[in-house]
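K.L.:
Sharing a structure with you now.
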Amino acid sequence: MSAVAEVAARAAGPTEVLIHSIAGLLAGSRHVAVGASSPIPGAAALYTRAVSEGATRVSVLGSRRHNAFTNGGVELFDLAAQGRIDAFFLGGGQIDGAANINLVGVGSYPQMEVRWPGSFGSAYLYYLVPRVILFREEHTRRVFVPKVDFVSAPGPRDDGIYRPGGPHALITSLCLFDFDRARKRFVLRSVHPGHTVEEVRDNTGFDFDCPAQVPATPAPDAAALALIRGQVREEIGETYPKFAAQLAAV
Amino acid sequence: MSAVAEVAARAAGPTEVLIHSIAGLLAGSRHVAVGASSPIPGAAALYTRAVSEGATRVSVLGSRRHNAFTNGGVELFDLAAQGRIDAFFLGGGQIDGAANINLVGVGSYPQMEVRWPGSFGSAYLYYLVPRVILFREEHTRRVFVPKVDFVSAPGPRDDGIYRPGGPHALITSLCLFDFDRARKRFVLRSVHPGHTVEEVRDNTGFDFDCPAQVPATPAPDAAALALIRGQVREEIGETYPKFAAQLAAV
Amino acid sequence: MSVVGVAELAAMVPDGAKLVIAKDESGVAMAAALALIRRGVKNLHLVTVPVSGLETDMLIGAGCVATLETSAITLGEFGLAPCFSRAVKSGSIKLKDATCPAIYAGLQAAQKGLPFMPLRGILETDVLANRPDWKVIDNPFESGDRIVVLPAIVPDVALFHVPLADRHGNVFIGRQRELMLLAHAARSTIVTAEHITDDNLLEDEARSGSVIPALYVNAVAHAPRGAWPLGFGDAYPADAAWMSRYITEARTPAGFARMLEAALQGPGARLAA
Amino acid sequence: MSVVGVAELAAMVPDGAKLVIAKDESGVAMAAALALIRRGVKNLHLVTVPVSGLETDMLIGAGCVATLETSAITLGEFGLAPCFSRAVKSGSIKLKDATCPAIYAGLQAAQKGLPFMPLRGILETDVLANRPDWKVIDNPFESGDRIVVLPAIVPDVALFHVPLADRHGNVFIGRQRELMLLAHAARSTIVTAEHITDDNLLEDEARSGSVIPALYVNAVAHAPRGAWPLGFGDAYPADAAWMSRYITEARTPAGFARMLEAALQGPGARLAA
């Protein structure tokens, strides 16, 4: 058994499917930035860099080795406004069908019933980064709501605002949606192995487009798994040692 | 003869009178900045720092030892707008009686008959630094004109513009003027040793206020001369070695 | 400038001050924050650059904060900030929710002595809707192009932790360049340092470009392990056991009080006393 | 990125480019400027940050410049810039006279992806009167407070000289922080370096905060004495004899041509060839 075959003998786990799927969304990017507390997007970005043979530059916030910024915390935001960041990741305590995202809380602002950390850079980066990838593992009606309680960052609107950026896709533990900016709706692209369209529908609080046939999200092949379990795991481990350990143990 | 008496035995030269007079204008400043190509103002600022026992901070552009800026060329301008620079120096190819200054040239802009380097930071710093000291050694009607050909930086006006700064004094090879900001006129304060009020009047192209009695500009005493010829000469020599050598030879 | 003790440093933050602090990765002066709590500072207007965690949570828990201007408060991998969440629900602090680049822009306006800075994005958000102090103008260079303008944030005091300072008050910040923004924007800057050197950092040709000169620094205190229980660069990691206990205990005021007491007895105790 | 020759570097500045260059104290890539002249670059829109001397004077003298955006052109202690003066009088270049902080502000707008930056002062000057591309607005936060707004300056290429670069394209600038602004604002950045190291400058904990990362750097050329006839920091002083000859000779086009020929034969000749 070859080294690649050996390390890839174990079937792809759900986290590896996510890393591989996100990497697919990043293909062709010149520069991908990854925010704080984002091990899976970070691994996906580092995977993309590896297969691009260096054509894709990656800046992982919180990393020392995979982050070349030297002008302080503002540099990411300056680069984004210049159009020098092609892809970035945002989450959301709530996300609705118009791709509005809420990172602030549940209930009426300011004395909210549930308070999350806050909007971070979303109110800005969502407007400016061409491929914003929404990533939220928990796929429930608690998260995917008809309308967010607080708009940290709005989905695209026909309002004449300077907006070179916006949502590109949404990936969860169940599936992958594209976002159709013209129609301002999510479109189900694929369902992860072991899950169904019905499960997606049952757990999504907003309406979305769904083709008659929805394929399964492709799982990484042996070479891809070897890369994830080898170089990518080692690189992401610098910033997220616990995550890298879990990845090895999957 | 004591060491101080010995080094000060030679009478004060014109340059030393200028250094000492300018230092008098800087007294009490927390932070004096000195621009490029300004050896006499630089020496005056370093003199002020020495007698203040460190209470006056000095930033000499072009110096490595007497300049603590680490944020690039913009830092001086940022500090000035914050009110963190108390005194700065400007020259002028032309200066008029309303304290307008021209650093651009003679004739009609842009194809001027005589072209000087340009406005540098004057259009900005003149508005923002509380004590701008105008320093121009050449005292002729060519320099001190009724009206400047090009306003690089305007004297104070009643125009409601945000203007915490402005001209404080004008010092030349002949004399020292104060600038009365309320009346927007220069007032002759003193005439340097060896010169007369008539000489000043003959060589000034604008009208100015002149008290009945105009004192002579005080010459530095023995202790002041010793300081100028010792520590100050050594410190300014780092940035202006030729000037320091001339100072020693005066 | 002279090197002072941490308690003396904390005494330089008056009640009611607008205090600006750094995010966890930049260098958090936890020992000094604990000293502030110990002396019972009140009514702080806390500005986090741009986010914060334990430092803000403990200052809120100890009742030191009246107003909080932030882009996010989180204890990161350890979880949500319990005292912050409680204070939001009870309405005991005034919230000024922001977004990261808006905090940088407000401080840059202060650094540059400008009344305001423009910034892209932010329009049509509830962040903007809840910030009556922010305005929207037409881009003067393109009619119909609306753009947000943010007023200067001028802190009274900046407080942070650095790896190295000298006895003149020069402070080395390495790649944490946002710390220079804090120092330039604030009216005064106080710093704790992991190490103090007898050399002049401005004379070190390699380091001098990453030095905040003494010009901006009002006081430096020597505080080895001064970020504890947080980590500090490559020097030491966060105290994960303490943080895990905190996230559970601090869900109640009584539990928070126990954790605060423990922190005041911790490695910083002798510094903060 | 790979390390290229100076001529190859100069080939990366197309005719008509908006080229941004540094002031003498920051680090002037004279060898590369001479290579630009040798290859006959035309119609440059030159932006000086914020002032310039010999580099601009020679580019003007050689007929490379169509537009000049500057706060001042001077050869400092050597005197006024002869080719600049001649070009102004003859009207052969288009002048955009500025003031130092306005050049910084325009570049900062570009760095931040902003359409404009506000700036204090400048009102009621003939600088403003001759810049129809600058505007005046009311401060949105204080009615009646007029303030100048400056459009972004977005250079096509930034060109400067540094003490040290590595083979990845990381560039050490020490305290010459304005060079980072040039690199951030420009669409591409090309650099000459006094020394090239095999180390990775970002891994040098002391220096890394003063490094322009390769992210912004399109090419680096090794150019020992690359600032000649100008000086470069502590490394070498200006060639005073050459400068004194220049200031006299360049008063006529023929004299300038002789000095240019001499410069092209000078220490940079083998680099610029």
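Residue numbers start at 1 in each chain; chains themselves are named A, B, ... in the order of the structure tokens; ligands are numbered from 1 in the order shown.
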DSSP on the backbone: what in stretch 38-150 of chain C comes out alpha helix (DSSP H), as number ranges by chain?

P.N.:
C: 38-39, 54-61, 82-90, 100-111, 126-129

K.L.:
Produce a file of the selected residues containing C-alpha atoms, as a compact mmCIF listing (two decimals), in the first residue's frame.

P.N.:
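See selection_14.txt below for the written result:
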# COMPACT_ATOMS: atom_id res chain seq x y z
CA ARG C 38 -8.57 46.27 43.20
CA ARG C 39 -8.55 50.03 43.51
CA LEU C 54 -11.52 38.23 29.75
CA GLU C 55 -10.23 41.74 30.51
CA THR C 56 -13.53 43.39 29.57
CA ASP C 57 -15.59 40.62 31.16
CA MET C 58 -13.82 41.01 34.51
CA LEU C 59 -13.96 44.82 34.46
CA ILE C 60 -17.70 44.56 33.78
CA GLY C 61 -18.16 41.86 36.42
CA PRO C 82 -20.57 35.59 31.12
CA CYS C 83 -20.43 38.97 32.88
CA PHE C 84 -20.83 40.79 29.55
CA SER C 85 -23.91 38.69 28.70
CA ARG C 86 -25.40 39.33 32.15
CA ALA C 87 -24.76 43.08 31.94
CA VAL C 88 -26.34 43.28 28.48
CA LYS C 89 -29.47 41.49 29.65
CA SER C 90 -29.82 43.60 32.79
CA CYS C 100 -13.95 46.26 13.77
CA PRO C 101 -12.80 48.69 11.05
CA ALA C 102 -15.05 51.43 12.50
CA ILE C 103 -13.12 51.29 15.77
CA TYR C 104 -9.85 51.52 13.88
CA ALA C 105 -11.21 54.42 11.81
CA GLY C 106 -12.38 56.36 14.88
CA LEU C 107 -8.97 55.96 16.48
CA GLN C 108 -7.23 56.90 13.25
CA ALA C 109 -9.26 60.10 13.12
CA ALA C 110 -8.00 60.84 16.65
CA GLN C 111 -4.43 59.94 15.67
CA ASP C 126 -28.65 47.59 12.66
CA VAL C 127 -25.15 48.48 13.83
CA LEU C 128 -25.53 51.84 12.10
CA ALA C 129 -29.19 52.15 13.10

K.L.:
DSSP on the backbone: what in stretch 6-220 of chain D comes out strand (DSSP E or B), as an MDAnalysis selection string?

P.N.:
chainID D and resid 18:22 44:49 51:52 65:70 72:74 80 94:97 116:119 135:138 146:151 157:166 171:172 188:197 211:212 219:220

K.L.:
When you look at B:Ser38 with a cut-off of 10 Å (counting only C-alpha atoms), what residues show up, excluding the ones that are within fewer than 4 positions of it in the same chain? I need them as a list in words.

P.N.:
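In the requested format, the answer is Val34, Gly42, Ala43, Val60, Leu61, Gly62, Phe89, Leu90, Gly91, Phe135, Thr239 and Tyr240 of chain B.
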
K.L.:
From the list C:Pro155, C:Pro140, C:Gly113, C:Gly209, which residue is nearest chain D when using only C-alpha atoms?

P.N.:
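Nearest to chain D: C:Gly209.
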
K.L.:
Could you tell me which residues of chain D sit within 9 Å of chain A when counting only C-alpha atoms, and give me the result as a list in words?

P.N.:
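Listed by rising number, the hits are Ala110, Gln111, Lys112, Gly113, Leu114, Met180, His184, Ala185, Leu202, Glu203, Ser208, Gly209, Ser210, Val211, Ile212, Pro213, Ala214 and Leu215 of chain D.
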
K.L.:
With all heavy atoms retained, write the just-selected residues as a CSV table (one decimal), in the first residue's frame.

P.N.:
chain,number,residue,atom,x,y,z
D,110,ALA,N,-6.0,55.7,-0.7
D,110,ALA,CA,-5.7,54.6,-1.6
D,110,ALA,C,-5.5,53.3,-0.8
D,110,ALA,O,-6.0,52.2,-1.0
D,110,ALA,CB,-4.6,54.8,-2.5
D,111,GLN,N,-4.6,53.4,0.2
D,111,GLN,CA,-4.3,52.3,1.1
D,111,GLN,C,-5.5,51.7,1.7
D,111,GLN,O,-5.6,50.5,1.9
D,111,GLN,CB,-3.3,52.8,2.2
D,111,GLN,CG,-3.0,51.8,3.3
D,111,GLN,CD,-2.1,52.4,4.4
D,111,GLN,OE1,-2.3,53.6,4.8
D,111,GLN,NE2,-1.1,51.7,4.9
D,112,LYS,N,-6.4,52.6,2.1
D,112,LYS,CA,-7.6,52.1,2.8
D,112,LYS,C,-8.8,51.9,1.9
D,112,LYS,O,-9.9,51.6,2.3
D,112,LYS,CB,-8.0,53.2,3.9
D,112,LYS,CG,-6.8,53.6,4.8
D,112,LYS,CD,-7.2,54.5,5.8
D,112,LYS,CE,-7.7,53.8,7.1
D,112,LYS,NZ,-7.0,52.6,7.5
D,113,GLY,N,-8.6,51.9,0.6
D,113,GLY,CA,-9.6,51.7,-0.4
D,113,GLY,C,-10.8,52.7,-0.2
D,113,GLY,O,-11.9,52.4,-0.5
D,114,LEU,N,-10.4,53.9,0.2
D,114,LEU,CA,-11.4,55.0,0.4
D,114,LEU,C,-11.4,55.9,-0.8
D,114,LEU,O,-10.4,56.1,-1.4
D,114,LEU,CB,-11.1,55.8,1.7
D,114,LEU,CG,-11.4,55.1,3.0
D,114,LEU,CD1,-10.8,55.9,4.2
D,114,LEU,CD2,-12.9,54.9,3.2
D,180,MET,N,6.1,51.9,3.6
D,180,MET,CA,5.0,50.9,3.6
D,180,MET,C,3.7,51.6,3.0
D,180,MET,O,3.0,50.9,2.3
D,180,MET,CB,4.7,50.5,5.1
D,180,MET,CG,3.8,49.3,5.1
D,180,MET,SD,3.7,48.5,6.7
D,180,MET,CE,5.3,47.7,6.9
D,184,HIS,N,1.6,50.0,0.1
D,184,HIS,CA,0.2,49.6,0.3
D,184,HIS,C,-0.7,50.4,-0.7
D,184,HIS,O,-1.8,49.9,-1.1
D,184,HIS,CB,-0.3,50.0,1.7
D,184,HIS,CG,0.2,49.0,2.7
D,184,HIS,ND1,-0.2,49.0,4.0
D,184,HIS,CD2,1.1,48.0,2.6
D,184,HIS,CE1,0.4,48.0,4.7
D,184,HIS,NE2,1.2,47.4,3.9
D,185,ALA,N,-0.4,51.6,-1.0
D,185,ALA,CA,-1.2,52.4,-1.9
D,185,ALA,C,-1.1,52.0,-3.4
D,185,ALA,O,-2.1,52.1,-4.1
D,185,ALA,CB,-0.9,53.9,-1.7
D,202,LEU,N,10.5,37.9,7.7
D,202,LEU,CA,9.3,37.9,8.6
D,202,LEU,C,9.5,37.0,9.8
D,202,LEU,O,8.7,37.0,10.7
D,202,LEU,CB,8.1,37.4,7.8
D,202,LEU,CG,7.4,38.4,6.9
D,202,LEU,CD1,6.3,37.8,6.1
D,202,LEU,CD2,6.9,39.6,7.7
D,203,GLU,N,10.5,36.1,9.7
D,203,GLU,CA,10.8,35.2,10.8
D,203,GLU,C,11.8,35.8,11.8
D,203,GLU,O,12.1,35.2,12.8
D,203,GLU,CB,11.3,33.9,10.3
D,203,GLU,CG,10.2,33.1,9.6
D,203,GLU,CD,10.6,31.8,9.0
D,203,GLU,OE1,11.8,31.5,9.1
D,203,GLU,OE2,9.8,31.2,8.3
D,208,SER,N,10.6,42.0,12.0
D,208,SER,CA,9.4,41.6,11.2
D,208,SER,C,8.4,42.7,11.2
D,208,SER,O,7.7,42.9,10.3
D,208,SER,CB,8.8,40.3,11.7
D,208,SER,OG,8.4,40.4,13.0
D,209,GLY,N,8.3,43.5,12.3
D,209,GLY,CA,7.3,44.6,12.4
D,209,GLY,C,7.6,45.7,11.4
D,209,GLY,O,6.8,46.6,11.1
D,210,SER,N,8.9,45.8,10.9
D,210,SER,CA,9.3,46.8,9.9
D,210,SER,C,9.5,46.3,8.6
D,210,SER,O,10.4,46.7,7.8
D,210,SER,CB,10.5,47.5,10.5
D,210,SER,OG,10.3,48.1,11.7
D,211,VAL,N,8.8,45.2,8.2
D,211,VAL,CA,8.9,44.5,6.9
D,211,VAL,C,7.7,44.8,6.1
D,211,VAL,O,6.6,44.6,6.6
D,211,VAL,CB,9.2,43.0,7.2
D,211,VAL,CG1,9.0,42.3,5.9
D,211,VAL,CG2,10.5,42.8,7.8
D,212,ILE,N,7.9,45.2,4.9
D,212,ILE,CA,6.8,45.2,3.9
D,212,ILE,C,6.7,43.7,3.4
D,212,ILE,O,7.7,43.3,2.7
D,212,ILE,CB,7.0,46.1,2.7
D,212,ILE,CG1,7.2,47.6,3.2
D,212,ILE,CG2,5.9,46.1,1.7
D,212,ILE,CD1,7.6,48.5,2.1
D,213,PRO,N,5.6,43.0,3.6
D,213,PRO,CA,5.6,41.6,3.2
D,213,PRO,C,5.5,41.5,1.7
D,213,PRO,O,5.0,42.3,1.0
D,213,PRO,CB,4.4,41.1,3.9
D,213,PRO,CG,3.5,42.2,4.2
D,213,PRO,CD,4.4,43.4,4.4
D,214,ALA,N,6.0,40.3,1.2
D,214,ALA,CA,6.0,40.0,-0.2
D,214,ALA,C,4.7,40.2,-0.9
D,214,ALA,O,4.6,40.4,-2.1
D,214,ALA,CB,6.6,38.6,-0.4
D,215,LEU,N,3.6,40.0,-0.1
D,215,LEU,CA,2.3,40.3,-0.6
D,215,LEU,C,2.1,41.5,-1.4
D,215,LEU,O,1.3,41.6,-2.3
D,215,LEU,CB,1.4,40.4,0.7
D,215,LEU,CG,0.1,41.0,0.8
D,215,LEU,CD1,-0.9,40.4,-0.1
D,215,LEU,CD2,-0.5,40.9,2.2

K.L.:
Please determine, counting only C-alpha atoms, which residue among D:Ala17, D:Met117, D:Val157, D:Val51 has the shortest atom-to-atom distance to chain C.

P.N.:
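Among the listed residues, the smallest separation from chain C belongs to D:Met117.
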
K.L.:
What separation in Å, quoted to one decimal, exists between atom CA of C:Leu80 and atom CA of C:Ala62?

P.N.:
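Between atom CA of C:Leu80 and atom CA of C:Ala62 the gap works out to 17.3 Å.
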